[in-house]
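This is model.txt. It holds compact mmCIF, C-alpha atoms.
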```txt
# COMPACT_ATOMS: atom_id res chain seq x y z
CA MET A 1062 -60.16 -90.21 39.43
CA ASN A 1063 -56.69 -90.13 40.95
CA LEU A 1064 -54.25 -87.26 40.59
CA HIS A 1065 -50.48 -87.31 41.11
CA LEU A 1066 -48.72 -83.93 41.28
CA LEU A 1067 -44.97 -83.95 40.69
CA ILE A 1068 -43.43 -80.76 42.09
CA PRO A 1069 -39.62 -80.38 42.02
CA ASP A 1070 -38.32 -77.98 44.70
CA LEU A 1071 -41.63 -77.50 46.46
CA PHE A 1072 -39.44 -76.78 49.48
CA TRP A 1073 -36.59 -74.27 49.34
CA PRO A 1074 -33.28 -76.17 49.00
CA ASP A 1075 -31.37 -74.17 51.62
CA ALA A 1076 -32.62 -75.56 54.95
CA LEU A 1077 -30.86 -72.77 56.86
CA GLN A 1078 -32.88 -70.07 55.08
CA GLN A 1079 -36.13 -70.67 56.95
CA ASN A 1080 -37.15 -67.01 56.75
CA ILE A 1081 -38.07 -67.60 53.12
CA TYR A 1082 -41.40 -68.99 54.40
CA ASP A 1083 -42.20 -65.89 56.46
CA GLU A 1084 -45.54 -64.31 55.53
CA LEU A 1085 -45.97 -66.80 52.70
CA SER A 1086 -49.67 -67.59 52.55
CA THR A 1087 -50.08 -71.21 51.43
CA ARG A 1088 -53.05 -72.31 53.56
CA HIS A 1089 -54.42 -74.82 51.05
CA LEU A 1090 -51.05 -76.44 50.37
CA GLU A 1091 -50.33 -76.64 54.09
CA THR A 1092 -53.69 -78.33 54.68
CA LEU A 1093 -53.10 -80.90 51.93
CA LEU A 1094 -49.63 -81.74 53.25
CA SER A 1095 -50.69 -81.87 56.89
CA LYS A 1096 -53.70 -84.13 56.34
CA SER A 1097 -51.76 -86.59 54.20
CA ILE A 1098 -49.71 -89.69 54.94
CA SER A 1099 -46.11 -89.07 53.91
CA SER A 1100 -43.28 -91.36 52.86
CA THR A 1101 -39.71 -90.80 51.69
CA ASN A 1102 -37.88 -92.11 48.63
CA PRO A 1103 -34.14 -91.70 47.91
CA ILE A 1104 -34.82 -90.86 44.23
CA HIS A 1105 -34.68 -87.05 44.11
CA GLU A 1106 -34.02 -85.96 40.50
CA MET A 1107 -37.05 -85.33 38.32
CA GLU A 1108 -35.71 -87.35 35.37
CA ALA A 1109 -34.77 -90.29 37.59
CA TRP A 1110 -38.13 -90.22 39.37
CA LEU A 1111 -39.99 -90.21 36.06
CA CYS A 1112 -37.91 -93.10 34.70
CA GLN A 1113 -38.68 -95.10 37.82
CA GLN A 1114 -42.41 -94.36 37.48
CA PHE A 1115 -42.36 -95.52 33.86
CA ASN A 1116 -40.50 -98.74 34.78
CA ILE A 1117 -37.31 -97.80 32.95
CA ALA A 1118 -34.10 -99.43 34.17
CA GLN A 1119 -30.72 -97.76 34.38
CA GLN A 1120 -28.10 -98.61 31.75
CA GLN A 1121 -24.46 -98.48 32.94
CA ASN A 1122 -25.74 -96.59 36.01
CA ASN A 1123 -27.31 -93.96 33.75
CA TRP A 1124 -30.92 -93.16 33.13
CA PRO A 1125 -31.35 -93.36 29.30
CA ILE A 1126 -32.75 -89.85 28.90
CA ALA A 1127 -31.20 -89.15 25.49
CA PRO A 1128 -32.84 -91.96 23.46
CA ILE A 1129 -36.20 -91.32 25.14
CA MET A 1130 -36.04 -87.61 24.32
CA LEU A 1131 -35.76 -88.49 20.64
CA HIS A 1132 -39.52 -89.07 20.73
CA THR A 1133 -40.01 -85.31 20.95
CA ASP A 1134 -36.84 -84.02 19.29
CA ALA A 1135 -36.51 -86.47 16.37
CA PRO A 1136 -39.44 -88.92 16.16
CA ASP A 1137 -38.14 -90.61 13.00
CA LEU A 1138 -34.82 -91.38 14.69
CA ALA A 1139 -36.61 -92.68 17.76
CA LYS A 1140 -38.47 -95.25 15.68
CA ALA A 1141 -35.48 -96.48 13.70
CA SER A 1142 -32.36 -96.02 15.80
CA LYS A 1143 -30.68 -98.86 17.67
CA ASP A 1144 -27.57 -96.77 18.32
CA PHE A 1145 -26.30 -95.46 21.63
CA TRP A 1146 -27.34 -91.85 22.27
CA MET A 1147 -26.01 -89.40 24.83
CA ARG A 1148 -26.96 -85.82 25.60
CA ALA A 1149 -24.18 -83.25 25.14
CA ASP A 1150 -25.97 -80.04 26.03
CA PRO A 1151 -24.41 -76.58 25.54
CA VAL A 1152 -23.48 -74.93 28.83
CA HIS A 1153 -21.53 -71.99 30.22
CA LEU A 1154 -18.75 -72.68 32.72
CA ARG A 1155 -17.38 -70.00 35.03
CA ILE A 1156 -14.29 -70.31 37.22
CA GLU A 1157 -14.85 -69.16 40.80
CA GLN A 1158 -11.79 -69.51 43.05
CA ASN A 1159 -11.09 -73.26 42.94
CA HIS A 1160 -14.54 -74.15 41.61
CA ILE A 1161 -15.94 -74.44 38.10
CA MET A 1162 -19.62 -73.51 38.17
CA LEU A 1163 -22.09 -74.55 35.46
CA ALA A 1164 -25.00 -72.58 34.02
CA ASP A 1165 -27.47 -74.31 31.70
CA SER A 1166 -29.67 -72.78 28.99
CA GLN A 1167 -31.96 -71.25 31.58
CA ALA A 1168 -29.23 -68.62 31.96
CA PHE A 1169 -28.70 -67.85 28.26
CA GLN A 1170 -30.34 -67.89 24.86
CA ILE A 1171 -28.86 -69.80 21.94
CA SER A 1172 -30.20 -69.58 18.39
CA GLU A 1173 -30.62 -72.45 15.97
CA GLU A 1174 -27.97 -70.90 13.72
CA GLU A 1175 -25.44 -70.68 16.56
CA ALA A 1176 -26.12 -74.26 17.64
CA ASN A 1177 -25.76 -75.59 14.09
CA GLU A 1178 -22.51 -73.71 13.50
CA LEU A 1179 -20.98 -74.92 16.77
CA THR A 1180 -21.97 -78.57 16.31
CA GLN A 1181 -20.83 -78.57 12.67
CA ASP A 1182 -17.37 -77.41 13.71
CA ILE A 1183 -17.25 -79.96 16.53
CA ASN A 1184 -18.14 -82.71 14.04
CA HIS A 1185 -15.48 -81.47 11.63
CA ASN A 1186 -12.80 -81.66 14.31
CA PHE A 1187 -13.88 -85.00 15.79
CA SER A 1188 -15.08 -86.89 12.71
CA HIS A 1189 -12.31 -89.49 13.17
CA ASP A 1190 -13.58 -90.47 16.62
CA GLY A 1191 -16.64 -92.32 15.30
CA PHE A 1192 -19.41 -90.22 16.78
CA THR A 1193 -21.72 -87.50 15.52
CA PHE A 1194 -23.00 -84.38 17.27
CA SER A 1195 -26.52 -83.18 16.47
CA SER A 1196 -28.26 -80.03 17.68
CA LEU A 1197 -31.78 -81.44 17.42
CA ARG A 1198 -32.89 -78.42 19.47
CA PRO A 1199 -30.73 -75.33 19.97
CA ASP A 1200 -30.37 -76.05 23.69
CA ARG A 1201 -30.42 -79.85 23.43
CA TRP A 1202 -27.49 -81.49 21.71
CA TYR A 1203 -26.90 -85.18 21.20
CA ILE A 1204 -24.03 -87.56 20.46
CA ARG A 1205 -24.76 -90.67 18.42
CA LEU A 1206 -22.46 -93.67 18.87
CA PRO A 1207 -22.54 -97.12 17.26
CA ALA A 1208 -21.90 -98.87 20.60
CA MET A 1209 -22.50 -98.25 24.29
CA THR A 1210 -19.87 -96.35 26.24
CA GLU A 1211 -18.97 -97.49 29.74
CA MET A 1212 -19.29 -94.28 31.67
CA HIS A 1213 -21.40 -93.05 34.56
CA THR A 1214 -22.65 -89.47 34.22
CA HIS A 1215 -24.80 -87.06 36.21
CA THR A 1216 -27.90 -85.37 34.89
CA LEU A 1217 -27.67 -81.74 33.86
CA SER A 1218 -30.18 -80.74 36.54
CA GLN A 1219 -27.91 -82.27 39.20
CA VAL A 1220 -24.98 -80.05 38.27
CA THR A 1221 -26.72 -76.81 37.30
CA CYS A 1222 -25.31 -74.01 39.47
CA LYS A 1223 -22.94 -76.51 41.07
CA ASN A 1224 -19.20 -77.17 41.07
CA ILE A 1225 -18.71 -79.59 38.18
CA ASN A 1226 -15.58 -81.09 39.80
CA ASN A 1227 -17.91 -83.15 42.00
CA PHE A 1228 -19.88 -84.53 39.05
CA LEU A 1229 -17.43 -85.38 36.28
CA PRO A 1230 -17.96 -88.69 34.41
CA SER A 1231 -16.47 -91.87 35.83
CA GLY A 1232 -16.04 -95.42 34.57
CA ALA A 1233 -13.94 -97.42 32.10
CA ASP A 1234 -14.36 -94.98 29.18
CA SER A 1235 -14.31 -91.78 31.20
CA ILE A 1236 -10.64 -90.95 30.50
CA LEU A 1237 -11.34 -90.83 26.76
CA TRP A 1238 -14.39 -88.62 27.27
CA HIS A 1239 -12.53 -86.30 29.66
CA LYS A 1240 -10.05 -85.76 26.83
CA ILE A 1241 -12.83 -85.07 24.32
CA PHE A 1242 -14.54 -82.81 26.85
CA ASN A 1243 -11.36 -80.73 27.26
CA GLU A 1244 -10.67 -80.54 23.53
CA ILE A 1245 -14.20 -79.34 22.83
CA GLN A 1246 -13.76 -76.63 25.45
CA MET A 1247 -10.60 -75.46 23.68
CA LEU A 1248 -12.43 -75.40 20.35
CA LEU A 1249 -15.35 -73.43 21.75
CA HIS A 1250 -13.17 -70.96 23.63
CA GLU A 1251 -11.96 -69.16 20.49
CA HIS A 1252 -14.95 -69.92 18.29
CA PRO A 1253 -16.35 -66.98 16.24
CA VAL A 1254 -19.83 -67.66 17.61
CA ASN A 1255 -18.57 -67.12 21.14
CA GLN A 1256 -16.51 -64.09 20.18
CA ALA A 1257 -19.67 -62.54 18.75
CA ARG A 1258 -21.67 -63.47 21.85
CA GLU A 1259 -19.04 -61.97 24.13
CA SER A 1260 -18.98 -58.73 22.14
CA HIS A 1261 -22.76 -58.48 22.65
CA GLY A 1262 -22.47 -59.08 26.39
CA GLU A 1263 -23.96 -62.60 26.22
CA LEU A 1264 -22.75 -65.66 28.08
CA THR A 1265 -20.49 -67.80 25.89
CA ILE A 1266 -21.23 -71.42 25.08
CA ASN A 1267 -17.85 -72.59 26.28
CA SER A 1268 -18.52 -76.24 27.06
CA ILE A 1269 -20.92 -79.17 26.85
CA TRP A 1270 -22.35 -81.46 29.52
CA LEU A 1271 -22.43 -85.20 28.82
CA TRP A 1272 -25.29 -87.13 30.39
CA GLY A 1273 -28.31 -89.39 29.94
CA GLY A 1274 -26.66 -91.98 27.69
CA GLY A 1275 -28.25 -95.24 26.64
CA ASN A 1276 -30.07 -97.30 24.06
CA MET A 1277 -33.81 -97.02 23.53
CA PRO A 1278 -35.55 -99.03 26.29
CA GLN A 1279 -37.50 -102.00 24.96
CA PHE A 1280 -40.44 -101.43 27.28
CA VAL A 1281 -41.87 -98.22 28.71
CA ARG A 1282 -44.89 -98.91 30.93
CA SER A 1283 -46.96 -96.04 32.23
CA PRO A 1284 -49.06 -96.16 35.42
CA TYR A 1285 -50.98 -93.12 34.17
CA SER A 1286 -53.84 -92.70 31.72
CA HIS A 1287 -52.82 -89.11 30.94
CA VAL A 1288 -49.70 -86.96 31.43
CA TRP A 1289 -49.92 -83.16 31.68
CA SER A 1290 -46.68 -81.20 31.41
CA ASN A 1291 -44.89 -78.31 29.74
CA ASN A 1292 -41.61 -80.15 30.25
CA ASP A 1293 -40.58 -82.22 27.24
CA PHE A 1294 -39.25 -85.25 29.12
CA PRO A 1295 -42.57 -86.38 30.64
CA ARG A 1296 -44.14 -85.82 27.24
CA ALA A 1297 -41.41 -87.93 25.60
CA LEU A 1298 -42.11 -90.75 28.06
CA ALA A 1299 -45.81 -90.55 27.24
CA LEU A 1300 -45.02 -90.69 23.52
CA ALA A 1301 -42.71 -93.68 24.00
CA ASN A 1302 -45.46 -95.50 25.86
CA GLY A 1303 -48.42 -94.35 23.76
CA THR A 1304 -49.96 -92.61 26.77
CA SER A 1305 -52.21 -89.60 26.23
CA HIS A 1306 -50.44 -86.33 26.97
CA SER A 1307 -51.23 -82.61 26.93
CA ARG A 1308 -49.65 -79.29 27.66
CA LEU A 1309 -50.24 -78.04 31.18
CA PRO A 1310 -53.53 -76.12 31.59
CA THR A 1311 -53.44 -72.61 33.02
CA ASP A 1312 -54.78 -73.78 36.37
CA ALA A 1313 -56.59 -76.62 38.11
CA ASP A 1314 -60.02 -75.20 37.33
CA GLU A 1315 -59.26 -75.44 33.62
CA TRP A 1316 -57.89 -78.95 34.15
CA LEU A 1317 -61.01 -80.04 36.04
CA MET A 1318 -63.20 -78.71 33.22
CA THR A 1319 -61.72 -81.37 30.92
CA GLY A 1320 -63.61 -83.93 33.01
CA PRO A 1321 -60.58 -86.09 33.75
CA THR A 1322 -61.08 -89.77 34.59
CA GLY A 1323 -58.49 -92.43 35.32
CA ASP A 1324 -55.00 -91.82 36.75
CA HIS A 1325 -53.33 -88.51 35.92
CA LEU A 1326 -49.80 -87.16 36.30
CA VAL A 1327 -49.49 -83.38 36.41
CA VAL A 1328 -45.94 -82.00 36.40
CA LEU A 1329 -45.63 -78.57 38.04
CA ASP A 1330 -41.94 -77.71 37.57
CA SER A 1331 -41.99 -73.91 37.54
CA LEU A 1332 -40.21 -73.74 40.93
CA ARG A 1333 -37.28 -75.81 39.71
CA GLY A 1334 -35.19 -73.19 37.92
CA LYS A 1335 -35.77 -70.60 40.65
CA ALA A 1336 -34.47 -73.02 43.27
CA GLN A 1337 -31.48 -74.13 41.18
CA TYR A 1338 -30.36 -70.53 40.67
CA ARG A 1339 -31.31 -69.59 44.26
CA ASN A 1340 -33.74 -66.91 43.06
CA ALA A 1341 -35.64 -66.62 46.34
CA TYR A 1342 -38.00 -63.81 45.35
CA ASP A 1343 -39.22 -65.52 42.17
CA TRP A 1344 -39.51 -68.86 43.98
CA ARG A 1345 -41.82 -67.27 46.58
CA GLU A 1346 -43.89 -65.45 43.95
CA THR A 1347 -44.24 -68.62 41.87
CA LEU A 1348 -45.38 -70.61 44.90
CA LYS A 1349 -48.02 -67.95 45.63
CA VAL A 1350 -49.37 -68.34 42.10
CA MET A 1351 -49.41 -72.14 42.46
CA GLU A 1352 -51.32 -71.81 45.72
CA GLN A 1353 -54.01 -69.78 43.98
CA ASN A 1354 -54.10 -71.63 40.66
CA TRP A 1355 -53.56 -75.22 41.75
CA PHE A 1356 -53.61 -76.00 45.47
CA ALA A 1357 -56.75 -74.02 46.35
CA PRO A 1358 -58.99 -75.48 43.59
CA LEU A 1359 -57.59 -78.99 44.08
CA HIS A 1360 -58.29 -78.75 47.81
CA THR A 1361 -61.89 -77.83 46.98
CA ALA A 1362 -62.17 -80.60 44.38
CA LEU A 1363 -60.94 -83.17 46.88
CA LYS A 1364 -63.48 -81.99 49.47
CA GLU A 1365 -66.25 -82.25 46.87
CA GLY A 1366 -65.26 -85.77 45.87
CA LYS A 1367 -64.17 -84.86 42.34
CA ILE A 1368 -60.78 -86.42 43.13
CA ASN A 1369 -60.58 -89.81 44.82
CA GLN A 1370 -56.93 -89.65 45.80
CA LEU A 1371 -54.40 -86.86 45.58
CA THR A 1372 -50.66 -87.53 45.80
CA ILE A 1373 -48.07 -84.76 45.90
CA THR A 1374 -44.46 -85.75 45.24
CA ALA A 1375 -42.04 -83.06 46.38
CA LEU A 1376 -38.48 -83.46 45.13
CA ASN A 1377 -35.43 -81.80 46.64
CA GLU A 1378 -31.67 -82.24 46.36
CA ILE A 1379 -31.42 -85.31 48.58
CA SER A 1380 -34.74 -87.19 48.43
CA SER A 1381 -38.37 -87.15 47.43
CA ARG A 1382 -41.42 -87.15 49.66
CA ASP A 1383 -44.88 -88.43 48.78
CA PHE A 1384 -47.92 -86.89 50.45
CA SER A 1385 -51.06 -88.96 49.78
CA LEU A 1386 -54.59 -88.27 50.95
CA THR A 1387 -58.22 -88.92 50.19
CA ARG A 1388 -61.37 -86.94 50.91
CA SER A 1389 -61.83 -88.61 54.30
CA ASP A 1390 -58.33 -87.57 55.38
CA LEU A 1391 -59.38 -83.92 55.27
CA TRP A 1392 -61.72 -84.50 58.25
CA LYS A 1393 -59.11 -86.12 60.50
CA PHE A 1394 -58.92 -83.27 62.99
CA TRP A 1395 -56.05 -84.84 64.92
CA ARG A 1396 -53.80 -84.21 61.92
CA ILE A 1397 -53.16 -80.59 62.80
CA THR A 1398 -52.38 -78.19 59.96
CA LYS A 1399 -48.72 -77.21 60.17
CA PRO A 1400 -46.92 -74.38 58.39
CA LEU A 1401 -44.89 -75.07 55.28
CA SER A 1402 -41.64 -74.38 57.14
CA ILE A 1403 -42.30 -77.38 59.41
CA HIS A 1404 -42.84 -79.70 56.46
CA SER A 1405 -39.63 -78.43 54.85
CA ARG A 1406 -37.55 -79.38 57.89
CA LYS A 1407 -38.48 -83.04 57.61
CA HIS A 1408 -36.27 -83.48 54.54
```

Written as structure tokens, how would this file's structure read?
Amino acid sequence: MNLHLLIPDLFWPDALQQNIYDELSTRHLETLLSKSISSTNPIHEMEAWLCQQFNIAQQQNNWPIAPIMLHTDAPDLAKASKDFWMRADPVHLRIEQNHIMLADSQAFQISEEEANELTQDINHNFSHDGFTFSSLRPDRWYIRLPAMTEMHTHTLSQVTCKNINNFLPSGADSILWHKIFNEIQMLLHEHPVNQARESHGELTINSIWLWGGGNMPQFVRSPYSHVWSNNDFPRALALANGTSHSRLPTDADEWLMTGPTGDHLVVLDSLRGKAQYRNAYDWRETLKVMEQNWFAPLHTALKEGKINQLTITALNEISSRDFSLTRSDLWKFWRITKPLSIHSRKH
């Protein structure tokens, strides 16, 4: 049985903040990384990495996240639709000096009623433009178009807690969508939903983020026999491919009790939001829990031969690194165990 762990932000994104690793006990993780053979890949976003693993090609320089996500958010549409779909997720923008910073739905709650009211008003004001907004989930909105738009966008995870000026859409149709983007902001600014949110001290939904556009890929091929994740995108890929999928178990011991055989992908993405929002304390505490619940039992399972090969893919803001090892690698004494801070500096 082979196991592939996908772990976004396993290493803290700020390379200058090395003291974050001080007194952080991750002996089992450090052993697994140190005994492995590592390689680097330029693909660094979780969605892009997953698309690449499932043999999905870019469309107009975009990963077609939106049509794939229909498999979880609107299965009937996923089966029947040949239209172009794009994500248009609700976000909060805040002006800071000469920057416009973006917060995604990790930073706020939005109800189904609020989402429906906002998208209905957007549709009412833009019905003549030939597209339809849908809030298939309160925090996941979609635009449906009859034809592909020529525009390169950036994933929401790329721009979360970043200056959006560096990530605005580009391409032949981008001028039109910049105009729509600005008009929607004006509509949302004075919207009763946002006035009510502001009066309650909640972040307003004052913009959308366009990304992940495309048509449904014709072929989705999975290298895995089973996908384990609490994130909906890996699950949507599994559904599109017909691959078995499950929610993430509590820990590796529970996962091992299922008697897994074949090739498994386990997505551990609980560090991702903490790193994006630079929440150092919670990032450290989450990594401690992962050390106890996942890395320690998987280290033992590898030593006992329950796992043939273990691969850890660590994503950060510029690249991804694969750490692969087998049981025999654990006994290679010349591969000295190095602290996590040393591994982080190699990015």

Exercise: residues within 9 Å of coordinate (-42.5, -76.6, 40.2), counting all atoms listed in the file, as an MDAnalysis selection string: chainID A and resid 1067:1071 1328:1334 1347:1348 1351 1375

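CA of Gln1120 in chain A sits 22.9 Å away from CA of Asn1292 in chain A.
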
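Taking all atoms listed in the file into account, Trp1270 in chain A lies nearest to A:Pro1151 out of the set A:Pro1151, A:Gly1320, A:Pro1128, A:Pro1310.
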
Top pick for closest residue to Gly1232 in chain A, considering A:Ser1305, A:Ser1097, A:Ser1286, A:Asn1122 and counting only C-alpha atoms: A:Asn1122

Put a box with edges along x, y and z around all the listed atoms of range 1175-1185 of chain A, pad it by 5 Å on each side, then give me its centre and sizes in Å, one decimal, as lines of an AutoDock Vina configuration file.
```
center_x = -20.8
center_y = -76.7
center_z = 14.6
size_x = 20.6
size_y = 22.0
size_z = 16.0
```

Quick one: everything within 8 Å of Arg1308 in chain A, counting only C-alpha atoms, minus sequence neighbours fewer than 3 positions away in the same chain. Send it as a short mmCIF file (atom, residue, chain, number, x, y, z; two decimals) with C-alpha atoms, in the coordinates of the input.
```cif
data_model
loop_
_atom_site.label_atom_id
_atom_site.label_comp_id
_atom_site.auth_asym_id
_atom_site.auth_seq_id
_atom_site.Cartn_x
_atom_site.Cartn_y
_atom_site.Cartn_z
CA TRP A 1289 -49.92 -83.16 31.68
CA SER A 1290 -46.68 -81.20 31.41
CA ASN A 1291 -44.89 -78.31 29.74
#
```

A:Arg1201, A:Arg1406, A:His1287, A:Arg1396 ranked by distance to Gly1323 in chain A, top pick (using only C-alpha atoms):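 Going through A:Arg1201, A:Arg1406, A:His1287, A:Arg1396 one by one, the smallest distance to Gly1323 in chain A is for A:His1287.
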
Proximity to Arg1258 in chain A - best of A:Ile1171, A:Leu1090, A:Leu1197, A:Leu1066, only C-alpha atoms: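 Among A:Ile1171, A:Leu1090, A:Leu1197, A:Leu1066, it is A:Ile1171 that comes nearest to Arg1258 in chain A.
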
Contacts of Leu1371 in chain A at 7 Å (all atoms listed in the file; same-chain gap of 3+ positions) as a VMD selection string: chain A and resid 1063 to 1065 1368 1385 to 1387

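From CA of Ser1099 in chain A back to CA of Phe1394 in chain A, the distance works out to 16.7 Å.
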
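When CA of Thr1398 in chain A is paired with CA of Ser1095 in chain A, their separation reads 5.1 Å.
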
Residue nearest Ser1172 in chain A - candidates A:Pro1125, A:Ser1380, A:Glu1352, A:Ile1266, atoms counted: all atoms listed in the file: A:Ile1266

Nearby residues (all atoms listed in the file) at most 7 Å from His1215 in chain A, same-chain spacing under 3 positions excluded, as a VMD selection string: chain A and resid 1219 1228 1272

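Using all atoms listed in the file, the nearest neighbour of Glu1378 in chain A within the list A:Leu1391, A:Leu1271, A:Ala1336, A:Val1288 is A:Ala1336.
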
Is there a way to get, as an mmCIF file with C-alpha atoms, in the frame of the given file, all residues within 9 Å of the point (-29.1, -85.6, 35.6) in file coordinates, counting only C-alpha atoms?
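Okay, point.cif is ready:
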```cif
data_model
loop_
_atom_site.group_PDB
_atom_site.id
_atom_site.type_symbol
_atom_site.label_atom_id
_atom_site.label_comp_id
_atom_site.auth_asym_id
_atom_site.auth_seq_id
_atom_site.Cartn_x
_atom_site.Cartn_y
_atom_site.Cartn_z
ATOM 1 C CA GLU A 1106 -34.020 -85.960 40.500
ATOM 2 C CA MET A 1107 -37.050 -85.330 38.320
ATOM 3 C CA GLU A 1108 -35.710 -87.350 35.370
ATOM 4 C CA ALA A 1109 -34.770 -90.290 37.590
ATOM 5 C CA ASN A 1123 -27.310 -93.960 33.750
ATOM 6 C CA TRP A 1124 -30.920 -93.160 33.130
ATOM 7 C CA ILE A 1126 -32.750 -89.850 28.900
ATOM 8 C CA THR A 1214 -22.650 -89.470 34.220
ATOM 9 C CA HIS A 1215 -24.800 -87.060 36.210
ATOM 10 C CA THR A 1216 -27.900 -85.370 34.890
ATOM 11 C CA LEU A 1217 -27.670 -81.740 33.860
ATOM 12 C CA SER A 1218 -30.180 -80.740 36.540
ATOM 13 C CA GLN A 1219 -27.910 -82.270 39.200
ATOM 14 C CA VAL A 1220 -24.980 -80.050 38.270
ATOM 15 C CA TRP A 1272 -25.290 -87.130 30.390
ATOM 16 C CA GLY A 1273 -28.310 -89.390 29.940
#
```

Residues within 10 Å of Asn1226 in chain A, all atoms listed in the file, excluding chain neighbours under 2 positions, as a list of chain:residue names: A:Asn1159, A:His1160, A:Ile1161, A:Met1162, A:Val1220, A:Lys1223, A:Asn1224, A:Phe1228, A:Leu1229, A:Pro1230

Who sits within 9 Å of Met1062 in chain A, only C-alpha atoms, same chain under 3 positions skipped, as a list in words: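 Skipping anything fewer than 3 positions along the chain leaves Pro1321, Thr1322, Gly1323, Asp1324, His1325, Lys1367, Ile1368, Asn1369 and Gln1370 of chain A.
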